[in-house]
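Data first, discussion second: the structure below is written as structure tokens.
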Amino acid sequence: MAMTDRTGRGRFGLRLACGVALAACGALGASQVGAQQPRLNQIIENFEQGKPSFNRQHWRYIAMEHAPYDPHEVVQVLEDLKPEGAARPTETPVIRLPPEGDESYRWMVKQVLDFGVMGVILSHVENSEQTLNFVRTMRYPPQKGAAHPTPRGIRGWGPIGAMKYWGLDRTDYTLKKADVWPLNPEGELVAIVMIETAEAVKNINEILAVPGLSGILIGPSDLGMDLGVGPNPNAPEVQAATEVVAKACVARKMLCGTFGSPDVNQRIAQGFRIFTGGAGNYGAQ
């Protein structure tokens with residue numbers, strides 16, 4: 001494991017710092033794309049192949065909602081996940097940011113994307129307007145002739161660190177890969193919103209209908225709190241809400257994830273494909 005101090009001055013941290021300084025100076029179609037060349041994002045790759053993705057096996061959940069937001073720690077995790085010479089990270093880095101859906105977070109999304117993360121999770125999203133705002137922060141403004149111009153992106157350009165981390169030049173990164181999947185079948189970014197309230201469950205279809213959204217992640221403890229049954233993922237009310245969300249995702253063929261799954265096989269049968277825990281009893285007879 002590459003080691004750095006808290007300033008993030010490791011191999012990738014130094015490259016990132018230098019890159020920033022230079023910058024200051026100067027889903028069928030998706031499956032076909034995946035068959036032509038390897039995916040950078042293992043969550044997308046697995047979903048296109050009908051497989052689930054597990055934290056610390058296929059992707060790395062970088063949790064910063066209930067912990068201090070530390071950009072240097074993000075850089076360190078990214079460096080640790082990509083050995084020297086590797087074509088892609090051993091686990092796809094996805095970060096859950098501190099702000100919630102109704103708060104200001106545009107600058108924070110831009111920053112972590114410029115570091116090189118391949119997915120962002122936004123907590124407590126409750127409606128389509130919040131979802132649309134989130135998708136727009138993940139995208140660059142459309143260029144002339146863009147195949148997927150809407151929703152119009154608002155991300156500022158300066159991904160020197162991300163281009164190096166992804167191993168791409170500015171054209172391939174900016175115009176091809178640094179976009180949200182599955183809206184852009186070539187995109188390698190996943191935009192995921194957390195479903196944590198009864199209001200969000202009620203609005204799940206309008207949330208999932210927002211172009212550019214990659215999928216959802218259920219937070220069962222917060223959902224239980226909002227439903228008045230405590231942080232209990234196994235409460236009947238939470239289970240019923242989870243089923244509603246899962247059915248909506250399956251109907252739209254969208255990525256659906258959850259925290260806390262004692263029976264992974266059951267959740268996979270419901271349509272879940274992304275898990276913040278390990279494989280557990282997946283595949284057990």
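Here's how to read the names in the structure tokens: chain A, B, ... by the order shown, residue numbers from 1 in each chain, ligand numbers from 1 in the order shown.
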Practice prompt. Going by DSSP on the backbone, which bits of stretch 65-232 of chain A are strand (DSSP E or B)? Write them as an NGL selection string, please.
Written response: :A and (92-100 or 119-123 or 180 or 189-195 or 215-218)
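Of note, atom CA of A:Gly156 and atom CA of A:Leu122 are spaced 18.9 Å apart.
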Item to complete: Would you list the contacts of A:Tyr69 as a PyMOL selection string, taking every protein, DNA or RNA residue within 10 Å and counting only C-alpha atoms, but skipping same-chain residues closer than 6 positions in sequence?
Response: chain A and resi 63+96-98+108
Worksheet item: Residues of stretch 40-198 of chain A in alpha helix (DSSP H) according to DSSP, as a ChimeraX atom specification?
Response: /A:42-48,71-81,106-115,128-138,160-166,170-172,198
Between stretch 108-139 of chain A and stretch 184-189 of chain A, at 12 Å or less, what are the per-residue closest atom pairs and their distances in Å? Count only C-alpha atoms, order by chain and rising residue number, and return it as CSV.
```
residue,atom,partner,partner_atom,distance
A:Val109,CA,A:Leu189,CA,11.9
A:Val112,CA,A:Leu189,CA,11.9
A:Leu113,CA,A:Leu189,CA,9.0
A:Gly116,CA,A:Leu189,CA,10.0
A:Val117,CA,A:Leu189,CA,8.2
A:Met118,CA,A:Leu189,CA,4.9
A:Gly119,CA,A:Leu189,CA,5.2
A:Val120,CA,A:Leu189,CA,8.1
A:Ile121,CA,A:Leu189,CA,11.0
A:Val135,CA,A:Leu189,CA,10.5
A:Thr137,CA,A:Leu189,CA,11.9
A:Met138,CA,A:Leu189,CA,8.1
A:Arg139,CA,A:Leu189,CA,9.3
```
Fill in: Separation of atom CA of A:Leu227 from atom CA of A:Ile195, in Å and rounded to one decimal
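A separation of 12.5 Å between them.
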Practice prompt. Rank A:Gly101, A:Gly153, A:Pro159, A:Gly167 by their smallest atom-to-atom distance to A:Thr197, using only C-alpha atoms, and report the top residue only.
Written response: A:Gly101
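The shortest atom-to-atom distance to A:Pro182, with only C-alpha atoms taken into account, belongs to A:Gly215 out of A:Lys82, A:Gly215, A:Glu100, A:Asn46.
If only C-alpha atoms are the atoms counted, then among A:Leu81, A:Phe47, A:Ile62, A:Ala279 the closest residue to A:Asn265 is A:Ala279.
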Worksheet item: Suppose you want the space between atom CA of A:Thr258 and atom CA of A:Ile216; what is it in Å?
Response: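 So the answer is 8.2 Å.
Shortest separation to A:Ile274 among A:Thr174, A:Thr90, A:Ser214, A:Asn234 occurs at residue A:Ser214, atoms counted being only C-alpha atoms.
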Worksheet item: So which residues touch A:Gln130 within 12 Å, counting only C-alpha atoms, skipping near sequence neighbours fewer than 6 positions away, as a ChimeraX atom specification?
Response: /A:100-105,122-124,136-137,192-194,200,203,206-208,210,213
Pick out the residues sitting within 8 Å of A:Glu243, and hand them over as an mmCIF file with N, CA and C atoms, in the first residue's frame; count only C-alpha atoms, and ignore anything fewer than 4 positions along from it in its own chain.
```
data_model
loop_
_atom_site.group_PDB
_atom_site.id
_atom_site.type_symbol
_atom_site.label_atom_id
_atom_site.label_comp_id
_atom_site.auth_asym_id
_atom_site.auth_seq_id
_atom_site.Cartn_x
_atom_site.Cartn_y
_atom_site.Cartn_z
ATOM 1 N N GLN A 239 -39.438 -3.086 5.155
ATOM 2 C CA GLN A 239 -39.418 -4.139 4.155
ATOM 3 C C GLN A 239 -40.415 -3.860 3.031
ATOM 4 N N LYS A 247 -39.141 -2.978 -6.983
ATOM 5 C CA LYS A 247 -39.996 -3.224 -8.146
ATOM 6 C C LYS A 247 -39.907 -2.088 -9.160
ATOM 7 N N GLN A 270 -34.861 -9.927 -5.610
ATOM 8 C CA GLN A 270 -35.747 -8.759 -5.706
ATOM 9 C C GLN A 270 -35.300 -7.796 -6.791
#
```
